[in-house]
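Below is one structure; the comments refer to it alone.
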Amino acid sequence: MKSRASLKQVKCCIIKIGSAVLTGNGQGLNRSAINHWVAQISELKSRGIDVIVVSSGSVAEGMVRLGWDVRPHALQELQAAASVGQMGLIQAYEESFQAKGFKTAQVLLTHDDLANRTRYLNARATIKTLLDLSVIPIINENDVVANEELRVGDNDTLAAIIANLMSADLLMILTDQDGFFDSDPRINSQARLLEQVSVNDESLDRAASGGSGDLGRGGMQTKLIAARIAARSGTATVIVPGLKQQVILDVIDGETVGTLLTPEEAPVPARKRWLTTHLDIKGQLILDDGAINAIKKSGVSLLPIGIVSVEGVFDRGELVNCVSHSGKVLARGLANYNSVDIDKIKQSKSSDIEKLIGYVNEPEVIHRDNLVLV
């Protein structure tokens, strides 16, 4: 999906709806907007397009129901608000889709569900079954049980991970902005809307400044990160003004609306996509220049001779980052040895592993099948 015209061929679309457009900036659920989105999604379903909704809004709706004007900072209060708000959020979607003749399913996920390979695949199988049954999954992070260590982080990231999970063609992010600008339009009145740009364009990093609003956790920076995650499965991302009339259908019909961020590289294999979504990093390996060049240019396994030092404490099979001397993260992968043993075999030949630690699992510290560039 590298052009507006190609969006007419979308077969699977992830639609992420942000808190600001969903709750009218804290005024409660915008039922009119929900009905409008549901009507458009129902039209997509009639065209044979699979649609998965990733919806923010549970905390914001809970705040309204509890009479809170300011988003709380305490984890327990956030979880309480999410618990209260989730009831109204799902009820609103269910009633609106039911009026159009469609069933919905609530899917609540945490980082732990997506970090565990078996649960990750189970989630994929369940969502695929729901789509086969013509049920529309409504996905949200399980804020009620997720602590900071288990949190995906924001629903932009969650939507991108779901795009990877389902190999979606398009991630559509509905926001309160007209799209991605070359600078913050709230500060610079001369900011220019970017209609289409490669997701890897470095100018986007400079443009993605500013934080999120009071109601959500995401800002334009998180949307850029999400688009780059989604691109690993070949998924294009479009950031659009969620309250614009017929915006969902306009995108799928190839109209120029919002910002289209296009993937430039071939899709990453499914197992490596899972590695990129695995957020629980246990440590890092600092590599020499030779190892960096080898894994970046040749796609080879990481051997002990290329490791300069080890940071963190981790076991065999846990995820670690591979970084340069300057601290730049280049890749991540599953370690074949624990941190103590890697420290003993670093800068050594693979043939010396058994002599150094008394056993050998594999000749490489990270096999290339378990290593992905980031």
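Please note that chains go A, B, ... in the order of the structure tokens, that every chain numbers its residues from 1, and that ligands are numbered from 1 in the order shown.
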Which residues come within 12 Å of segment 80-89 of chain A, counting only C-alpha atoms, excluding same-chain residues fewer than 2 positions away, as an mmCIF file with N, CA and C atoms, in the first residue's frame?
```cif
data_model
loop_
_atom_site.group_PDB
_atom_site.id
_atom_site.type_symbol
_atom_site.label_atom_id
_atom_site.label_comp_id
_atom_site.auth_asym_id
_atom_site.auth_seq_id
_atom_site.Cartn_x
_atom_site.Cartn_y
_atom_site.Cartn_z
ATOM 1 N N ILE A 17 -9.261 4.603 17.263
ATOM 2 C CA ILE A 17 -10.035 5.795 17.581
ATOM 3 C C ILE A 17 -9.518 6.379 18.895
ATOM 4 N N SER A 19 -8.999 9.089 22.186
ATOM 5 C CA SER A 19 -9.870 9.616 23.246
ATOM 6 C C SER A 19 -10.443 10.986 22.909
ATOM 7 N N LEU A 22 -13.250 10.618 20.491
ATOM 8 C CA LEU A 22 -14.274 9.694 20.976
ATOM 9 C C LEU A 22 -15.098 10.289 22.115
ATOM 10 N N THR A 23 -14.468 11.125 22.927
ATOM 11 C CA THR A 23 -15.150 11.637 24.124
ATOM 12 C C THR A 23 -15.401 13.138 24.072
ATOM 13 N N GLY A 28 -17.779 13.322 27.677
ATOM 14 C CA GLY A 28 -18.520 12.064 27.634
ATOM 15 C C GLY A 28 -18.481 11.477 26.235
ATOM 16 N N LEU A 29 -18.905 10.232 26.097
ATOM 17 C CA LEU A 29 -18.848 9.564 24.798
ATOM 18 C C LEU A 29 -19.646 10.331 23.751
ATOM 19 N N ASN A 30 -19.023 10.537 22.617
ATOM 20 C CA ASN A 30 -19.660 11.227 21.503
ATOM 21 C C ASN A 30 -20.465 10.196 20.714
ATOM 22 N N ARG A 31 -21.718 9.982 21.137
ATOM 23 C CA ARG A 31 -22.546 8.945 20.524
ATOM 24 C C ARG A 31 -22.791 9.217 19.041
ATOM 25 N N ILE A 34 -19.708 8.104 17.217
ATOM 26 C CA ILE A 34 -19.647 6.639 17.210
ATOM 27 C C ILE A 34 -20.591 6.081 16.157
ATOM 28 N N VAL A 54 -9.541 -0.557 17.378
ATOM 29 C CA VAL A 54 -8.774 -0.375 18.612
ATOM 30 C C VAL A 54 -9.233 0.946 19.197
ATOM 31 N N SER A 55 -9.901 0.880 20.324
ATOM 32 C CA SER A 55 -10.573 2.063 20.853
ATOM 33 C C SER A 55 -9.986 2.533 22.170
ATOM 34 N N SER A 56 -9.619 3.782 22.212
ATOM 35 C CA SER A 56 -9.312 4.446 23.473
ATOM 36 C C SER A 56 -10.635 4.861 24.108
ATOM 37 N N GLY A 57 -10.553 5.582 25.206
ATOM 38 C CA GLY A 57 -11.760 6.176 25.763
ATOM 39 C C GLY A 57 -12.273 5.621 27.063
ATOM 40 N N SER A 58 -11.765 4.465 27.518
ATOM 41 C CA SER A 58 -12.322 3.899 28.748
ATOM 42 C C SER A 58 -12.003 4.780 29.959
ATOM 43 N N VAL A 59 -10.759 5.264 30.045
ATOM 44 C CA VAL A 59 -10.400 6.131 31.177
ATOM 45 C C VAL A 59 -11.152 7.454 31.076
ATOM 46 N N ALA A 60 -11.194 8.029 29.874
ATOM 47 C CA ALA A 60 -11.882 9.314 29.695
ATOM 48 C C ALA A 60 -13.364 9.204 30.026
ATOM 49 N N GLU A 61 -14.010 8.135 29.578
ATOM 50 C CA GLU A 61 -15.428 7.936 29.888
ATOM 51 C C GLU A 61 -15.622 7.683 31.374
ATOM 52 N N GLY A 62 -14.711 6.934 31.983
ATOM 53 C CA GLY A 62 -14.795 6.702 33.421
ATOM 54 C C GLY A 62 -14.666 7.992 34.219
ATOM 55 N N MET A 63 -13.796 8.894 33.770
ATOM 56 C CA MET A 63 -13.645 10.186 34.434
ATOM 57 C C MET A 63 -14.957 10.968 34.414
ATOM 58 N N VAL A 64 -15.641 10.937 33.276
ATOM 59 C CA VAL A 64 -16.919 11.633 33.168
ATOM 60 C C VAL A 64 -17.930 11.022 34.119
ATOM 61 N N ARG A 65 -18.011 9.703 34.138
ATOM 62 C CA ARG A 65 -18.980 9.017 34.991
ATOM 63 C C ARG A 65 -18.693 9.236 36.479
ATOM 64 N N LEU A 66 -17.403 9.398 36.801
ATOM 65 C CA LEU A 66 -17.021 9.604 38.198
ATOM 66 C C LEU A 66 -16.982 11.076 38.585
ATOM 67 N N GLY A 67 -17.185 11.953 37.619
ATOM 68 C CA GLY A 67 -17.192 13.383 37.903
ATOM 69 C C GLY A 67 -15.823 13.984 38.079
ATOM 70 N N TRP A 68 -14.794 13.372 37.478
ATOM 71 C CA TRP A 68 -13.423 13.888 37.595
ATOM 72 C C TRP A 68 -13.121 14.805 36.415
ATOM 73 N N ASP A 69 -12.528 15.953 36.692
ATOM 74 C CA ASP A 69 -12.189 16.906 35.639
ATOM 75 C C ASP A 69 -10.757 16.750 35.137
ATOM 76 N N VAL A 70 -9.887 16.182 35.958
ATOM 77 C CA VAL A 70 -8.473 16.058 35.609
ATOM 78 C C VAL A 70 -8.081 14.582 35.620
ATOM 79 N N ARG A 71 -7.360 14.155 34.568
ATOM 80 C CA ARG A 71 -6.903 12.772 34.507
ATOM 81 C C ARG A 71 -5.999 12.467 35.697
ATOM 82 N N PRO A 72 -6.299 11.428 36.466
ATOM 83 C CA PRO A 72 -5.490 11.108 37.652
ATOM 84 C C PRO A 72 -4.121 10.564 37.266
ATOM 85 N N HIS A 73 -3.212 10.597 38.206
ATOM 86 C CA HIS A 73 -1.872 10.062 37.977
ATOM 87 C C HIS A 73 -1.670 8.736 38.708
ATOM 88 N N ALA A 74 -2.371 8.532 39.814
ATOM 89 C CA ALA A 74 -2.224 7.294 40.571
ATOM 90 C C ALA A 74 -2.742 6.116 39.754
ATOM 91 N N LEU A 75 -1.951 5.043 39.711
ATOM 92 C CA LEU A 75 -2.306 3.884 38.897
ATOM 93 C C LEU A 75 -3.662 3.316 39.291
ATOM 94 N N GLN A 76 -3.932 3.214 40.598
ATOM 95 C CA GLN A 76 -5.194 2.617 41.049
ATOM 96 C C GLN A 76 -6.393 3.448 40.595
ATOM 97 N N GLU A 77 -6.237 4.775 40.597
ATOM 98 C CA GLU A 77 -7.341 5.633 40.156
ATOM 99 C C GLU A 77 -7.550 5.527 38.651
ATOM 100 N N LEU A 78 -6.464 5.428 37.898
ATOM 101 C CA LEU A 78 -6.582 5.230 36.452
ATOM 102 C C LEU A 78 -7.291 3.915 36.149
ATOM 103 N N GLN A 91 -20.728 -0.794 25.647
ATOM 104 C CA GLN A 91 -22.176 -0.717 25.449
ATOM 105 C C GLN A 91 -22.518 0.175 24.254
ATOM 106 N N ALA A 92 -21.801 1.290 24.131
ATOM 107 C CA ALA A 92 -22.059 2.221 23.024
ATOM 108 C C ALA A 92 -21.758 1.564 21.683
ATOM 109 N N TYR A 93 -20.622 0.880 21.588
ATOM 110 C CA TYR A 93 -20.282 0.200 20.332
ATOM 111 C C TYR A 93 -21.287 -0.915 20.024
ATOM 112 N N GLU A 94 -21.621 -1.694 21.039
ATOM 113 C CA GLU A 94 -22.537 -2.826 20.847
ATOM 114 C C GLU A 94 -23.891 -2.346 20.323
ATOM 115 N N GLU A 95 -24.442 -1.306 20.934
ATOM 116 C CA GLU A 95 -25.753 -0.813 20.519
ATOM 117 C C GLU A 95 -25.720 -0.259 19.097
ATOM 118 N N SER A 96 -24.650 0.456 18.775
ATOM 119 C CA SER A 96 -24.562 1.074 17.454
ATOM 120 C C SER A 96 -24.371 0.029 16.361
ATOM 121 N N GLN A 106 -15.582 -7.874 22.676
ATOM 122 C CA GLN A 106 -14.603 -7.119 23.452
ATOM 123 C C GLN A 106 -13.341 -7.957 23.610
ATOM 124 N N VAL A 107 -12.186 -7.364 23.265
ATOM 125 C CA VAL A 107 -10.901 -8.041 23.421
ATOM 126 C C VAL A 107 -9.984 -7.120 24.222
ATOM 127 N N LEU A 108 -9.630 -7.522 25.431
ATOM 128 C CA LEU A 108 -8.746 -6.748 26.293
ATOM 129 C C LEU A 108 -7.395 -7.439 26.374
ATOM 130 N N ILE A 138 -13.541 -5.275 19.141
ATOM 131 C CA ILE A 138 -13.258 -3.968 19.734
ATOM 132 C C ILE A 138 -12.143 -4.191 20.748
ATOM 133 N N ILE A 139 -10.958 -3.713 20.440
ATOM 134 C CA ILE A 139 -9.777 -4.026 21.238
ATOM 135 C C ILE A 139 -9.341 -2.814 22.052
ATOM 136 N N ASN A 140 -8.944 -3.069 23.273
ATOM 137 C CA ASN A 140 -8.398 -2.025 24.134
ATOM 138 C C ASN A 140 -7.348 -2.669 25.028
ATOM 139 N N GLU A 141 -6.433 -1.859 25.520
ATOM 140 C CA GLU A 141 -5.504 -2.386 26.516
ATOM 141 C C GLU A 141 -6.268 -2.634 27.806
ATOM 142 N N ASN A 142 -5.920 -3.700 28.495
ATOM 143 C CA ASN A 142 -6.608 -4.041 29.738
ATOM 144 C C ASN A 142 -6.055 -3.189 30.875
ATOM 145 N N ASP A 143 -6.482 -1.920 30.890
ATOM 146 C CA ASP A 143 -5.974 -0.966 31.884
ATOM 147 C C ASP A 143 -6.263 -1.387 33.314
ATOM 148 N N VAL A 144 -7.298 -2.190 33.510
ATOM 149 C CA VAL A 144 -7.707 -2.541 34.869
ATOM 150 C C VAL A 144 -6.655 -3.384 35.570
ATOM 151 N N VAL A 145 -5.908 -4.204 34.819
ATOM 152 C CA VAL A 145 -4.925 -5.090 35.449
ATOM 153 C C VAL A 145 -3.490 -4.745 35.083
ATOM 154 N N ALA A 146 -3.287 -3.941 34.028
ATOM 155 C CA ALA A 146 -1.929 -3.657 33.560
ATOM 156 C C ALA A 146 -1.240 -2.655 34.471
ATOM 157 N N LEU A 215 -6.395 13.799 28.044
ATOM 158 C CA LEU A 215 -7.227 12.598 28.149
ATOM 159 C C LEU A 215 -6.518 11.324 27.738
ATOM 160 N N GLY A 216 -5.522 11.409 26.893
ATOM 161 C CA GLY A 216 -4.888 10.205 26.372
ATOM 162 C C GLY A 216 -3.417 10.141 26.718
#
```
Per residue of segment 295-360 of chain A within 6 Å of segment 266-288 of chain A, which atom pair is closest and at what distance in Å (one decimal), using only C-alpha atoms, listed by chain and increasing number, as a Markdown table?
```
| residue | atom | partner | partner_atom | distance |
| --- | --- | --- | --- | --- |
| A:Gly306 | CA | A:Asp288 | CA | 5.6 |
| A:Ile307 | CA | A:Leu287 | CA | 4.6 |
| A:Val308 | CA | A:Leu287 | CA | 5.4 |
| A:Ser309 | CA | A:Ile286 | CA | 5.3 |
| A:Val310 | CA | A:Leu285 | CA | 4.8 |
| A:Glu311 | CA | A:Gln284 | CA | 5.2 |
| A:Gly312 | CA | A:Gly283 | CA | 4.4 |
| A:Phe314 | CA | A:Lys282 | CA | 5.7 |
| A:Leu319 | CA | A:Ile281 | CA | 5.3 |
| A:Val320 | CA | A:Gly283 | CA | 4.9 |
| A:Asn321 | CA | A:Gln284 | CA | 4.5 |
| A:Cys322 | CA | A:Leu285 | CA | 4.9 |
| A:Val323 | CA | A:Ile286 | CA | 5.0 |
| A:Ser324 | CA | A:Leu287 | CA | 5.6 |
```
Compare A:Gly333, A:Ile136, A:Asp352, A:Asp182 by their minimum atom-to-atom distance to Val197 of chain A, counting only C-alpha atoms, and give me the closest one.
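Checking each of A:Gly333, A:Ile136, A:Asp352, A:Asp182 against Val197 of chain A, counting only C-alpha atoms, the winner is A:Asp182.
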What's the 10 Å shell around Lys45 of chain A, counting only C-alpha atoms, without same-chain residues fewer than 6 positions away, as an mmCIF file with N, CA and C atoms, in the first residue's frame?
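Output saved as out.cif:
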```cif
data_model
loop_
_atom_site.group_PDB
_atom_site.id
_atom_site.type_symbol
_atom_site.label_atom_id
_atom_site.label_comp_id
_atom_site.auth_asym_id
_atom_site.auth_seq_id
_atom_site.Cartn_x
_atom_site.Cartn_y
_atom_site.Cartn_z
ATOM 1 N N LYS A 11 -7.904 -5.139 2.271
ATOM 2 C CA LYS A 11 -8.737 -6.278 2.676
ATOM 3 C C LYS A 11 -8.870 -6.389 4.193
ATOM 4 N N ALA A 39 -21.443 3.428 11.009
ATOM 5 C CA ALA A 39 -22.098 3.374 9.690
ATOM 6 C C ALA A 39 -21.057 3.162 8.590
ATOM 7 N N VAL A 51 -12.512 -5.500 9.443
ATOM 8 C CA VAL A 51 -12.216 -4.307 10.228
ATOM 9 C C VAL A 51 -12.045 -4.696 11.693
ATOM 10 N N PHE A 102 -24.670 -6.002 13.012
ATOM 11 C CA PHE A 102 -23.377 -6.642 13.258
ATOM 12 C C PHE A 102 -23.169 -6.918 14.742
ATOM 13 N N SER A 134 -17.662 -12.797 10.970
ATOM 14 C CA SER A 134 -18.179 -11.454 10.658
ATOM 15 C C SER A 134 -18.490 -10.651 11.914
ATOM 16 N N VAL A 135 -17.772 -10.956 12.997
ATOM 17 C CA VAL A 135 -17.878 -10.195 14.242
ATOM 18 C C VAL A 135 -16.797 -9.117 14.225
ATOM 19 N N ILE A 136 -17.108 -7.964 14.748
ATOM 20 C CA ILE A 136 -16.156 -6.850 14.758
ATOM 21 C C ILE A 136 -15.466 -6.783 16.117
#
```
Please, what distance in Å, to one decimal, runs between atom CA of Ile90 of chain A and atom CA of Asp156 of chain A?
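For atom CA of Ile90 of chain A relative to atom CA of Asp156 of chain A, the distance reads 18.8 Å.
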One decimal, Å: what's the distance from atom CA of Glu362 of chain A over to atom CA of Gly290 of chain A, could you say?
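According to the coordinates, atom CA of Glu362 of chain A and atom CA of Gly290 of chain A are separated by 20.3 Å.
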